[in-house]
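Source file: start05.cif. Holds: mmCIF, C-alpha atoms.
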data_upload
#
loop_
_atom_site.group_PDB
_atom_site.id
_atom_site.type_symbol
_atom_site.label_atom_id
_atom_site.label_comp_id
_atom_site.auth_asym_id
_atom_site.auth_seq_id
_atom_site.Cartn_x
_atom_site.Cartn_y
_atom_site.Cartn_z
ATOM 1 C CA MET A 1 -6.527 -6.506 -24.786
ATOM 2 C CA SER A 2 -6.608 -2.729 -25.136
ATOM 3 C CA SER A 3 -3.376 -0.845 -25.773
ATOM 4 C CA ILE A 4 -1.619 -0.189 -22.492
ATOM 5 C CA LYS A 5 0.151 3.128 -21.999
ATOM 6 C CA ILE A 6 2.579 3.903 -19.162
ATOM 7 C CA GLU A 7 3.626 7.447 -18.308
ATOM 8 C CA SER A 8 5.469 9.041 -15.428
ATOM 9 C CA VAL A 9 3.151 11.549 -13.728
ATOM 10 C CA VAL A 10 5.140 12.436 -10.599
ATOM 11 C CA LYS A 11 8.740 13.162 -11.524
ATOM 12 C CA GLU A 12 9.637 14.214 -7.974
ATOM 13 C CA LYS A 13 11.520 11.087 -6.983
ATOM 14 C CA ASN A 14 10.681 9.119 -3.853
ATOM 15 C CA ARG A 15 13.255 7.259 -1.792
ATOM 16 C CA MET A 16 10.521 4.746 -0.957
ATOM 17 C CA GLY A 17 7.205 5.781 -2.517
ATOM 18 C CA GLU A 18 4.350 3.696 -1.100
ATOM 19 C CA CYS A 19 0.654 3.351 -0.279
ATOM 20 C CA PRO A 20 -1.004 5.354 -3.089
ATOM 21 C CA VAL A 21 -4.629 6.341 -2.377
ATOM 22 C CA TRP A 22 -6.894 8.176 -4.816
ATOM 23 C CA GLU A 23 -8.714 11.055 -3.112
ATOM 24 C CA GLU A 24 -11.747 11.857 -5.223
ATOM 25 C CA ARG A 25 -12.689 15.097 -3.454
ATOM 26 C CA GLU A 26 -9.256 16.584 -4.242
ATOM 27 C CA ASN A 27 -8.664 14.979 -7.680
ATOM 28 C CA ALA A 28 -5.412 13.910 -6.091
ATOM 29 C CA LEU A 29 -3.165 10.973 -5.385
ATOM 30 C CA VAL A 30 -2.070 10.752 -1.774
ATOM 31 C CA TYR A 31 0.974 8.595 -0.944
ATOM 32 C CA VAL A 32 3.924 8.327 1.422
ATOM 33 C CA ASP A 33 7.682 8.436 1.010
ATOM 34 C CA ILE A 34 8.548 6.156 3.920
ATOM 35 C CA ASN A 35 12.259 6.878 4.162
ATOM 36 C CA SER A 36 11.873 10.633 3.687
ATOM 37 C CA GLN A 37 9.242 10.658 6.472
ATOM 38 C CA LYS A 38 6.704 12.476 4.295
ATOM 39 C CA VAL A 39 3.043 12.243 3.359
ATOM 40 C CA CYS A 40 2.569 13.629 -0.157
ATOM 41 C CA ARG A 41 -0.324 14.729 -2.344
ATOM 42 C CA TRP A 42 -0.148 15.088 -6.133
ATOM 43 C CA ASN A 43 -2.888 17.213 -7.651
ATOM 44 C CA SER A 44 -3.828 15.701 -11.016
ATOM 45 C CA VAL A 45 -5.262 19.016 -12.238
ATOM 46 C CA THR A 46 -2.384 21.382 -11.366
ATOM 47 C CA ASN A 47 0.328 18.669 -11.433
ATOM 48 C CA GLU A 48 1.703 20.056 -8.164
ATOM 49 C CA VAL A 49 3.045 17.941 -5.298
ATOM 50 C CA HIS A 50 2.616 19.114 -1.715
ATOM 51 C CA SER A 51 4.037 17.205 1.220
ATOM 52 C CA VAL A 52 3.908 17.205 5.000
ATOM 53 C CA SER A 53 6.949 16.043 6.967
ATOM 54 C CA VAL A 54 6.380 13.856 10.021
ATOM 55 C CA ASP A 55 8.709 12.763 12.830
ATOM 56 C CA ALA A 56 9.081 9.065 11.937
ATOM 57 C CA ARG A 57 9.013 6.733 8.959
ATOM 58 C CA VAL A 58 5.426 6.680 7.750
ATOM 59 C CA GLY A 59 4.303 3.365 6.288
ATOM 60 C CA SER A 60 0.772 4.157 5.217
ATOM 61 C CA VAL A 61 -1.911 6.795 4.775
ATOM 62 C CA ALA A 62 -5.687 6.481 4.381
ATOM 63 C CA LEU A 63 -8.599 8.857 3.903
ATOM 64 C CA GLN A 64 -10.785 9.934 6.789
ATOM 65 C CA LYS A 65 -14.534 10.250 6.290
ATOM 66 C CA CYS A 66 -14.601 13.680 7.928
ATOM 67 C CA GLY A 67 -11.557 14.984 6.009
ATOM 68 C CA GLY A 68 -7.854 14.732 6.679
ATOM 69 C CA TYR A 69 -5.992 11.450 6.925
ATOM 70 C CA VAL A 70 -5.196 8.590 9.254
ATOM 71 C CA ILE A 71 -1.580 7.446 9.128
ATOM 72 C CA ALA A 72 0.598 4.678 10.547
ATOM 73 C CA LEU A 73 4.038 6.020 11.428
ATOM 74 C CA GLY A 74 6.810 4.681 13.626
ATOM 75 C CA THR A 75 4.828 2.300 15.807
ATOM 76 C CA ARG A 76 1.762 4.466 16.237
ATOM 77 C CA PHE A 77 -1.561 5.312 14.637
ATOM 78 C CA ALA A 78 -2.252 9.025 14.208
ATOM 79 C CA PHE A 79 -4.442 11.604 12.486
ATOM 80 C CA LEU A 80 -2.877 14.055 10.040
ATOM 81 C CA ASN A 81 -4.518 17.449 9.574
ATOM 82 C CA TRP A 82 -3.370 18.544 6.108
ATOM 83 C CA GLU A 83 -4.131 22.254 6.559
ATOM 84 C CA THR A 84 -2.317 22.693 9.872
ATOM 85 C CA GLU A 85 0.247 19.935 9.172
ATOM 86 C CA SER A 86 -0.380 18.637 12.685
ATOM 87 C CA VAL A 87 -0.139 14.992 13.741
ATOM 88 C CA THR A 88 -2.273 13.717 16.626
ATOM 89 C CA THR A 89 -1.404 10.320 18.091
ATOM 90 C CA ILE A 90 -4.300 7.870 18.495
ATOM 91 C CA ALA A 91 -2.511 4.773 19.795
ATOM 92 C CA GLU A 92 1.078 3.666 20.463
ATOM 93 C CA LEU A 93 2.032 0.046 19.916
ATOM 94 C CA GLU A 94 5.045 -2.270 20.138
ATOM 95 C CA GLN A 95 6.908 -0.073 22.604
ATOM 96 C CA ASP A 96 8.986 -3.174 23.402
ATOM 97 C CA LYS A 97 10.220 -3.395 19.778
ATOM 98 C CA PRO A 98 12.250 -0.240 19.087
ATOM 99 C CA ASN A 99 13.471 -1.648 15.760
ATOM 100 C CA ASN A 100 9.932 -2.076 14.387
ATOM 101 C CA ARG A 101 7.847 0.324 12.317
ATOM 102 C CA PHE A 102 4.486 0.353 10.608
ATOM 103 C CA ASN A 103 4.332 -0.539 6.937
ATOM 104 C CA ASP A 104 1.375 -0.823 4.533
ATOM 105 C CA GLY A 105 -2.204 -0.118 5.580
ATOM 106 C CA LYS A 106 -5.713 0.243 4.163
ATOM 107 C CA VAL A 107 -9.289 0.871 5.311
ATOM 108 C CA ASP A 108 -11.820 -1.967 5.213
ATOM 109 C CA PRO A 109 -15.399 -1.720 3.811
ATOM 110 C CA LYS A 110 -16.776 -0.723 7.239
ATOM 111 C CA GLY A 111 -14.255 2.063 7.847
ATOM 112 C CA ARG A 112 -11.690 0.290 10.046
ATOM 113 C CA PHE A 113 -7.990 0.982 9.394
ATOM 114 C CA PHE A 114 -5.767 -2.095 9.021
ATOM 115 C CA ALA A 115 -1.973 -1.672 9.120
ATOM 116 C CA GLY A 116 0.930 -3.981 9.812
ATOM 117 C CA THR A 117 4.443 -3.734 11.196
ATOM 118 C CA MET A 118 7.890 -5.057 10.318
ATOM 119 C CA ALA A 119 11.429 -5.066 11.695
ATOM 120 C CA GLU A 120 13.823 -2.600 10.077
ATOM 121 C CA GLU A 121 17.114 -3.890 8.719
ATOM 122 C CA THR A 122 19.926 -3.697 11.270
ATOM 123 C CA GLU A 123 22.416 -3.694 8.378
ATOM 124 C CA PRO A 124 21.896 -4.214 4.636
ATOM 125 C CA GLY A 125 20.063 -7.488 4.091
ATOM 126 C CA VAL A 126 19.895 -8.311 7.811
ATOM 127 C CA ARG A 127 16.466 -8.238 9.442
ATOM 128 C CA ALA A 128 15.001 -9.992 12.482
ATOM 129 C CA ARG A 129 12.321 -12.435 11.325
ATOM 130 C CA CYS A 130 8.745 -12.822 12.583
ATOM 131 C CA GLN A 131 8.801 -9.543 14.540
ATOM 132 C CA GLY A 132 5.838 -7.907 12.791
ATOM 133 C CA ALA A 133 2.095 -8.012 13.316
ATOM 134 C CA LEU A 134 -1.147 -6.865 11.681
ATOM 135 C CA TYR A 135 -3.435 -4.511 13.592
ATOM 136 C CA THR A 136 -6.898 -3.025 13.173
ATOM 137 C CA LEU A 137 -7.801 0.452 14.395
ATOM 138 C CA PHE A 138 -11.533 0.566 15.135
ATOM 139 C CA SER A 139 -13.802 3.624 15.086
ATOM 140 C CA ASP A 140 -13.614 3.959 18.895
ATOM 141 C CA TYR A 141 -9.776 4.109 18.623
ATOM 142 C CA SER A 142 -9.375 0.631 20.115
ATOM 143 C CA VAL A 143 -6.729 -1.544 18.464
ATOM 144 C CA VAL A 144 -6.852 -5.312 17.908
ATOM 145 C CA LYS A 145 -3.901 -7.487 16.851
ATOM 146 C CA GLN A 146 -5.036 -9.721 13.983
ATOM 147 C CA LEU A 147 -1.810 -11.555 13.065
ATOM 148 C CA ASP A 148 1.471 -12.186 14.865
ATOM 149 C CA GLN A 149 4.843 -13.566 13.733
ATOM 150 C CA VAL A 150 4.738 -11.570 10.496
ATOM 151 C CA ASN A 151 7.995 -10.738 8.705
ATOM 152 C CA ILE A 152 7.055 -7.724 6.551
ATOM 153 C CA SER A 153 3.344 -6.940 6.711
ATOM 154 C CA ASN A 154 2.511 -5.512 3.310
ATOM 155 C CA GLY A 155 -0.241 -5.283 0.659
ATOM 156 C CA LEU A 156 -3.840 -5.852 1.708
ATOM 157 C CA ASP A 157 -7.397 -5.625 0.359
ATOM 158 C CA TRP A 158 -10.860 -7.193 0.563
ATOM 159 C CA SER A 159 -12.914 -9.184 -1.923
ATOM 160 C CA LEU A 160 -15.860 -7.399 -3.533
ATOM 161 C CA ASP A 161 -18.329 -9.428 -1.436
ATOM 162 C CA HIS A 162 -16.334 -8.498 1.717
ATOM 163 C CA ARG A 163 -16.017 -12.153 2.723
ATOM 164 C CA THR A 164 -12.287 -12.558 2.034
ATOM 165 C CA PHE A 165 -9.302 -10.567 3.269
ATOM 166 C CA PHE A 166 -6.109 -10.680 1.198
ATOM 167 C CA HIS A 167 -2.723 -10.019 2.790
ATOM 168 C CA ILE A 168 0.940 -10.138 1.812
ATOM 169 C CA ASP A 169 3.844 -11.011 4.073
ATOM 170 C CA SER A 170 6.644 -10.066 1.680
ATOM 171 C CA LEU A 171 9.185 -12.576 2.957
ATOM 172 C CA ALA A 172 6.706 -15.425 2.444
ATOM 173 C CA TYR A 173 6.770 -14.464 -1.273
ATOM 174 C CA ALA A 174 3.029 -15.123 -1.374
ATOM 175 C CA VAL A 175 -0.458 -13.641 -1.249
ATOM 176 C CA HIS A 176 -2.631 -15.147 1.501
ATOM 177 C CA ALA A 177 -6.435 -15.242 1.664
ATOM 178 C CA PHE A 178 -8.363 -15.232 4.955
ATOM 179 C CA ASP A 179 -12.022 -15.618 5.819
ATOM 180 C CA TYR A 180 -13.350 -12.178 6.731
ATOM 181 C CA ASP A 181 -16.235 -11.232 9.011
ATOM 182 C CA VAL A 182 -17.095 -7.720 7.898
ATOM 183 C CA HIS A 183 -19.404 -7.228 10.907
ATOM 184 C CA THR A 184 -16.712 -7.844 13.534
ATOM 185 C CA GLY A 185 -13.599 -7.046 11.457
ATOM 186 C CA LYS A 186 -12.029 -10.396 12.384
ATOM 187 C CA ILE A 187 -9.921 -12.557 10.069
ATOM 188 C CA ALA A 188 -9.497 -16.342 10.223
ATOM 189 C CA CYS A 189 -8.236 -19.434 8.387
ATOM 190 C CA GLY A 190 -5.411 -18.057 6.252
ATOM 191 C CA LYS A 191 -4.189 -19.992 3.230
ATOM 192 C CA VAL A 192 -1.756 -19.358 0.383
ATOM 193 C CA LEU A 193 -3.573 -17.970 -2.662
ATOM 194 C CA TYR A 194 -0.599 -17.297 -4.939
ATOM 195 C CA GLN A 195 3.108 -18.055 -4.615
ATOM 196 C CA LEU A 196 5.288 -15.659 -6.595
ATOM 197 C CA GLU A 197 7.564 -16.985 -9.302
ATOM 198 C CA LYS A 198 11.295 -16.312 -9.253
ATOM 199 C CA GLU A 199 11.316 -13.506 -11.837
ATOM 200 C CA GLU A 200 8.432 -11.767 -10.040
ATOM 201 C CA GLN A 201 10.706 -11.329 -7.014
ATOM 202 C CA MET A 202 9.056 -10.043 -3.818
ATOM 203 C CA PRO A 203 5.399 -9.002 -3.433
ATOM 204 C CA ASP A 204 4.783 -5.542 -1.991
ATOM 205 C CA GLY A 205 1.598 -3.442 -2.236
ATOM 206 C CA MET A 206 -1.706 -4.681 -3.659
ATOM 207 C CA CYS A 207 -5.152 -3.529 -4.795
ATOM 208 C CA ILE A 208 -8.349 -5.059 -6.171
ATOM 209 C CA ASP A 209 -10.160 -4.156 -9.388
ATOM 210 C CA ALA A 210 -13.891 -3.968 -10.174
ATOM 211 C CA GLU A 211 -13.799 -7.539 -11.511
ATOM 212 C CA GLY A 212 -12.500 -8.854 -8.186
ATOM 213 C CA LYS A 213 -8.986 -9.557 -9.476
ATOM 214 C CA LEU A 214 -5.890 -8.611 -7.455
ATOM 215 C CA TRP A 215 -3.008 -6.467 -8.674
ATOM 216 C CA VAL A 216 0.306 -7.020 -6.883
ATOM 217 C CA ALA A 217 3.347 -4.742 -7.104
ATOM 218 C CA CYS A 218 6.604 -6.714 -7.345
ATOM 219 C CA ILE A 219 9.515 -4.929 -5.700
ATOM 220 C CA ASP A 220 12.740 -5.702 -7.596
ATOM 221 C CA GLY A 221 10.547 -7.426 -10.199
ATOM 222 C CA GLY A 222 9.778 -4.211 -12.113
ATOM 223 C CA ARG A 223 6.151 -5.130 -12.687
ATOM 224 C CA VAL A 224 2.603 -5.396 -11.442
ATOM 225 C CA ILE A 225 0.838 -8.730 -11.838
ATOM 226 C CA ARG A 226 -2.886 -9.489 -11.968
ATOM 227 C CA ILE A 227 -4.091 -12.549 -10.072
ATOM 228 C CA ASP A 228 -7.456 -14.306 -10.226
ATOM 229 C CA PRO A 229 -8.402 -15.218 -6.618
ATOM 230 C CA GLU A 230 -10.854 -17.842 -7.913
ATOM 231 C CA THR A 231 -8.125 -19.901 -9.578
ATOM 232 C CA GLY A 232 -4.998 -18.653 -7.795
ATOM 233 C CA LYS A 233 -3.413 -18.055 -11.211
ATOM 234 C CA ARG A 234 -1.589 -15.028 -12.633
ATOM 235 C CA ILE A 235 -3.537 -13.731 -15.630
ATOM 236 C CA GLN A 236 -1.583 -10.607 -16.622
ATOM 237 C CA THR A 237 1.821 -8.945 -16.220
ATOM 238 C CA VAL A 238 2.563 -5.258 -16.847
ATOM 239 C CA LYS A 239 6.257 -4.317 -16.810
ATOM 240 C CA LEU A 240 7.315 -0.822 -15.738
ATOM 241 C CA PRO A 241 10.418 1.339 -16.372
ATOM 242 C CA ALA A 242 11.751 0.925 -12.814
ATOM 243 C CA SER A 243 12.688 -2.228 -10.911
ATOM 244 C CA ARG A 244 11.618 -1.261 -7.381
ATOM 245 C CA ILE A 245 7.845 -1.195 -7.890
ATOM 246 C CA THR A 246 6.217 -0.803 -4.502
ATOM 247 C CA SER A 247 2.432 -0.415 -4.683
ATOM 248 C CA CYS A 248 -0.570 0.363 -6.863
ATOM 249 C CA CYS A 249 -4.095 1.762 -6.758
ATOM 250 C CA PHE A 250 -6.795 2.763 -9.203
ATOM 251 C CA GLY A 251 -7.844 6.391 -9.599
ATOM 252 C CA GLY A 252 -8.901 9.096 -11.999
ATOM 253 C CA LYS A 253 -12.453 10.283 -12.491
ATOM 254 C CA ASP A 254 -13.807 6.832 -13.406
ATOM 255 C CA TYR A 255 -11.105 4.741 -11.674
ATOM 256 C CA SER A 256 -9.792 3.489 -15.023
ATOM 257 C CA GLU A 257 -6.219 4.674 -14.374
ATOM 258 C CA MET A 258 -3.752 2.714 -12.282
ATOM 259 C CA TYR A 259 -1.165 4.631 -10.256
ATOM 260 C CA VAL A 260 2.036 2.793 -9.377
ATOM 261 C CA THR A 261 4.653 3.942 -6.851
ATOM 262 C CA SER A 262 8.351 3.098 -6.944
ATOM 263 C CA ALA A 263 11.560 3.564 -4.957
ATOM 264 C CA TYR A 264 15.191 4.438 -5.589
ATOM 265 C CA ASP A 265 16.521 3.486 -2.148
ATOM 266 C CA GLY A 266 18.225 0.132 -2.419
ATOM 267 C CA LEU A 267 19.746 0.820 -5.834
ATOM 268 C CA ASP A 268 23.491 1.363 -6.187
ATOM 269 C CA LYS A 269 25.019 4.017 -8.469
ATOM 270 C CA ALA A 270 25.288 1.682 -11.453
ATOM 271 C CA SER A 271 21.642 0.618 -11.130
ATOM 272 C CA LEU A 272 20.487 4.229 -10.702
ATOM 273 C CA ALA A 273 22.316 5.173 -13.907
ATOM 274 C CA LYS A 274 20.368 2.456 -15.740
ATOM 275 C CA GLU A 275 17.071 3.454 -14.117
ATOM 276 C CA PRO A 276 16.573 7.212 -14.511
ATOM 277 C CA ARG A 277 12.883 6.860 -13.566
ATOM 278 C CA ALA A 278 13.405 5.007 -10.286
ATOM 279 C CA GLY A 279 11.364 6.640 -7.521
ATOM 280 C CA GLU A 280 8.823 8.235 -9.879
ATOM 281 C CA ILE A 281 5.078 7.523 -9.882
ATOM 282 C CA PHE A 282 3.579 5.981 -13.003
ATOM 283 C CA LYS A 283 0.097 6.076 -14.493
ATOM 284 C CA ILE A 284 -1.080 3.070 -16.493
ATOM 285 C CA THR A 285 -4.023 3.541 -18.859
ATOM 286 C CA GLY A 286 -5.664 1.136 -21.291
ATOM 287 C CA LEU A 287 -5.847 -1.795 -18.873
ATOM 288 C CA GLY A 288 -9.472 -2.342 -19.854
ATOM 289 C CA VAL A 289 -10.539 -2.694 -16.233
ATOM 290 C CA LYS A 290 -11.502 -0.187 -13.531
ATOM 291 C CA GLY A 291 -10.907 -0.055 -9.816
ATOM 292 C CA ILE A 292 -13.241 0.797 -6.969
ATOM 293 C CA PRO A 293 -13.176 3.883 -4.710
ATOM 294 C CA GLN A 294 -11.058 3.648 -1.557
ATOM 295 C CA TYR A 295 -12.851 3.287 1.768
ATOM 296 C CA SER A 296 -12.462 6.007 4.405
ATOM 297 C CA TYR A 297 -11.730 5.622 8.103
ATOM 298 C CA VAL A 298 -14.821 6.314 10.195
ATOM 299 C CA ALA A 299 -14.185 7.583 13.726
#

Go ahead and render the structure in this file as structure tokens.
Amino acid sequence: MSSIKIESVVKEKNRMGECPVWEERENALVYVDINSQKVCRWNSVTNEVHSVSVDARVGSVALQKCGGYVIALGTRFAFLNWETESVTTIAELEQDKPNNRFNDGKVDPKGRFFAGTMAEETEPGVRARCQGALYTLFSDYSVVKQLDQVNISNGLDWSLDHRTFFHIDSLAYAVHAFDYDVHTGKIACGKVLYQLEKEEQMPDGMCIDAEGKLWVACIDGGRVIRIDPETGKRIQTVKLPASRITSCCFGGKDYSEMYVTSAYDGLDKASLAKEPRAGEIFKITGLGVKGIPQYSYVA
């Protein structure tokens, strides 16, 4: 095991940092702050953060093949033009569920954008169950519902052979694996791959590494865990200096760095005093494994 190093690279704190994506062409990490309604971009060369404010909570961001980004905000899919800061709606969903919003999303190996929804809390700790769904935005802007009765649609990724789709419903406290047809973009036959242990708390975002292992961010668990999909066993734990760890991705010039987002919303004053780095973005080096480049949405 190589020596693991953790450093805070984005000190600008996020209320709910999420959905980190490495953008090779910009040497940058793109991510969202859901509760601040912002899409952000940290330049790894200049160390500057730029952000674009949007008009609703934004759950996820992904790269577009032709430049710019595709985002899932409120209950709609949209394009974000970074230069003009303009948002163009592609599709509106769940108009009958005003308390729902989009959460995590990611692009599949063929350029389709997957993103899921969830019900917001009506008061602290109170949330309607089974109100969310998982959707796919195709290149022709059509949208297909893949899963229904989801609590909090969260982390997602695909196996290296593109035959398995991995998905997290946070309130199931588990990672599920589905058969995946990469030609049609359809998922089927879901089963539990890994059930989180008590100290790992709740699963949030997720990514895959170049060895086909999954990395899961554990919100309130203060860690990322590495899971072997072949055995369904946890094979590594990396603890971080913040409890509300939300998501992770690989990046850097050879994808050997892991970037981990966190949140400070949900922490009371006493907890915040104990966690001065809550809401920052961390870089982990020395993991001894690389990631793979992110896929881009193809319209």

Per residue of range 188-299 of chain A within 7 Å of range 3-16 of chain A, note the shortest atom pair and the distance in Å to one decimal, counting only C-alpha atoms, and order the rows by chain and increasing residue number, as a tab-separated table.
residue	atom	partner	partner_atom	distance
A:Ser262	CA	A:Met16	CA	6.6
A:Ala263	CA	A:Met16	CA	4.3
A:Tyr264	CA	A:Arg15	CA	5.1
A:Asp265	CA	A:Arg15	CA	5.0
A:Gly279	CA	A:Asn14	CA	4.5
A:Glu280	CA	A:Lys13	CA	4.9
A:Ile281	CA	A:Val10	CA	5.0
A:Phe282	CA	A:Ser8	CA	4.3
A:Lys283	CA	A:Glu7	CA	5.4
A:Ile284	CA	A:Ile6	CA	4.6
A:Thr285	CA	A:Lys5	CA	5.2
A:Gly286	CA	A:Ile4	CA	4.4
A:Leu287	CA	A:Ile4	CA	5.8

Explicit residues for the PyMOL selection byres ((chain A and resi 19) around 6) (as a PyMOL selection string): chain A and resi 18+20+31+60

Separation of CA of Ser153 in chain A from CA of Pro293 in chain A, in Å and rounded to one decimal: 22.8 Å

Who sits within 9 Å of Glu121 in chain A, only C-alpha atoms, same chain under 6 positions skipped, as a PyMOL selection string: chain A and resi 99+127-128

Straight-line distance linking CA of Gly68 in chain A with CA of Asn100 in chain A, stated in Å to one decimal: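 CA of Asn100 in chain A lies at a distance of 25.7 Å from CA of Gly68 in chain A.
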
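Here the PyMOL selection byres ((chain A and resi 225) around 8) catches exactly these residues: A:Trp215, A:Val216, A:Ala217, A:Cys218, A:Arg223, A:Val224, A:Arg226, A:Ile227, A:Arg234, A:Ile235, A:Gln236, A:Thr237, A:Val238.
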
Nearest residue to Phe77 in chain A from the set A:Gly190, A:Gly291, A:Gly116, A:Gly17 (distances using only C-alpha atoms): A:Gly116

Residue nearest Trp82 in chain A - candidates A:Thr46, A:Asn35, A:Arg41, A:Glu94, atoms counted: all atoms listed in the file: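 Residue with the minimum atom-to-atom distance to Trp82 in chain A: A:Arg41.
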
Computed interatomic separation between CA of Ile168 in chain A and CA of Val107 in chain A (Å):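 So the answer is 15.4 Å.
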
Given only C-alpha atoms as the counted atoms, nearest of A:Leu240, A:Leu137, A:Leu272, A:Val182 to Ala299 in chain A: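 Closest to Ala299 in chain A, using only C-alpha atoms: A:Leu137.
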
Nearby residues (only C-alpha atoms) at most 12 Å from Asp96 in chain A, same-chain spacing under 5 positions excluded, as a ChimeraX atom specification: /A:75,101,131

Residues returned when the PyMOL selection byres ((chain A and resi 117) around 12) runs on this file, as number ranges by chain: A: 57-60, 72-77, 93-94, 97-105, 114-116, 118-120, 129-136, 145-155, 168-170

Nearest candidate to Tyr180 in chain A (options A:Glu199, A:Asp108, A:Asp204, A:Asp209; using only C-alpha atoms): A:Asp108

Pick from A:Ile219, A:Gly205, A:Lys233, A:Asp254, whichever lies nearest to Leu193 in chain A using all atoms listed in the file: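 Ranked by minimum distance to Leu193 in chain A, first place goes to A:Lys233.
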
Among listed residues A:Asp268, A:Arg277, A:Lys213, A:Tyr255, nearest Pro241 in chain A (using all atoms listed in the file):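 Residue with the minimum atom-to-atom distance to Pro241 in chain A: A:Arg277.
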
Who sits within 7 Å of Leu80 in chain A, only C-alpha atoms, same chain under 2 positions skipped, as a list in words: Gly68, Tyr69, Val70, Ile71, Ala78, Trp82, Glu85, Ser86, Val87 and Thr88 of chain A

Incomplete range 218-223 of chain A filled out to all heavy atoms as a PDB file, in the coordinates of the input:
ATOM      1  N   CYS A 218       5.469  -5.820  -7.603  1.00  0.00           N
ATOM      2  CA  CYS A 218       6.604  -6.714  -7.345  1.00  0.00           C
ATOM      3  C   CYS A 218       7.878  -5.896  -7.191  1.00  0.00           C
ATOM      4  O   CYS A 218       8.451  -5.420  -8.176  1.00  0.00           O
ATOM      5  CB  CYS A 218       6.752  -7.706  -8.493  1.00  0.00           C
ATOM      6  SG  CYS A 218       5.289  -8.722  -8.723  1.00  0.00           S
ATOM      7  N   ILE A 219       8.313  -5.716  -5.947  1.00  0.00           N
ATOM      8  CA  ILE A 219       9.515  -4.929  -5.700  1.00  0.00           C
ATOM      9  C   ILE A 219      10.729  -5.739  -6.170  1.00  0.00           C
ATOM     10  O   ILE A 219      10.841  -6.929  -5.896  1.00  0.00           O
ATOM     11  CB  ILE A 219       9.624  -4.473  -4.225  1.00  0.00           C
ATOM     12  CG1 ILE A 219      10.700  -3.393  -4.085  1.00  0.00           C
ATOM     13  CG2 ILE A 219       9.803  -5.638  -3.278  1.00  0.00           C
ATOM     14  CD1 ILE A 219      10.571  -2.539  -2.846  1.00  0.00           C
ATOM     15  N   ASP A 220      11.577  -5.101  -6.917  1.00  0.00           N
ATOM     16  CA  ASP A 220      12.740  -5.702  -7.596  1.00  0.00           C
ATOM     17  C   ASP A 220      12.337  -6.558  -8.802  1.00  0.00           C
ATOM     18  O   ASP A 220      13.199  -7.058  -9.521  1.00  0.00           O
ATOM     19  CB  ASP A 220      13.624  -6.514  -6.642  1.00  0.00           C
ATOM     20  CG  ASP A 220      14.231  -5.635  -5.553  1.00  0.00           C
ATOM     21  OD1 ASP A 220      14.532  -4.463  -5.842  1.00  0.00           O
ATOM     22  OD2 ASP A 220      14.373  -6.105  -4.413  1.00  0.00           O
ATOM     23  N   GLY A 221      11.021  -6.682  -9.036  1.00  0.00           N
ATOM     24  CA  GLY A 221      10.547  -7.426 -10.199  1.00  0.00           C
ATOM     25  C   GLY A 221      10.136  -6.506 -11.339  1.00  0.00           C
ATOM     26  O   GLY A 221       9.863  -6.968 -12.449  1.00  0.00           O
ATOM     27  N   GLY A 222      10.064  -5.188 -11.067  1.00  0.00           N
ATOM     28  CA  GLY A 222       9.778  -4.211 -12.113  1.00  0.00           C
ATOM     29  C   GLY A 222       8.441  -4.391 -12.795  1.00  0.00           C
ATOM     30  O   GLY A 222       8.301  -4.102 -13.984  1.00  0.00           O
ATOM     31  N   ARG A 223       7.434  -4.832 -12.047  1.00  0.00           N
ATOM     32  CA  ARG A 223       6.151  -5.130 -12.687  1.00  0.00           C
ATOM     33  C   ARG A 223       5.004  -5.111 -11.676  1.00  0.00           C
ATOM     34  O   ARG A 223       5.224  -5.163 -10.458  1.00  0.00           O
ATOM     35  CB  ARG A 223       6.212  -6.512 -13.335  1.00  0.00           C
ATOM     36  CG  ARG A 223       6.342  -7.647 -12.320  1.00  0.00           C
ATOM     37  CD  ARG A 223       6.697  -8.986 -12.963  1.00  0.00           C
ATOM     38  NE  ARG A 223       8.080  -8.983 -13.435  1.00  0.00           N
ATOM     39  CZ  ARG A 223       8.605  -9.941 -14.187  1.00  0.00           C
ATOM     40  NH1 ARG A 223       7.876 -10.958 -14.573  1.00  0.00           N
ATOM     41  NH2 ARG A 223       9.869  -9.880 -14.565  1.00  0.00           N
TER      42      ARG A 223
END
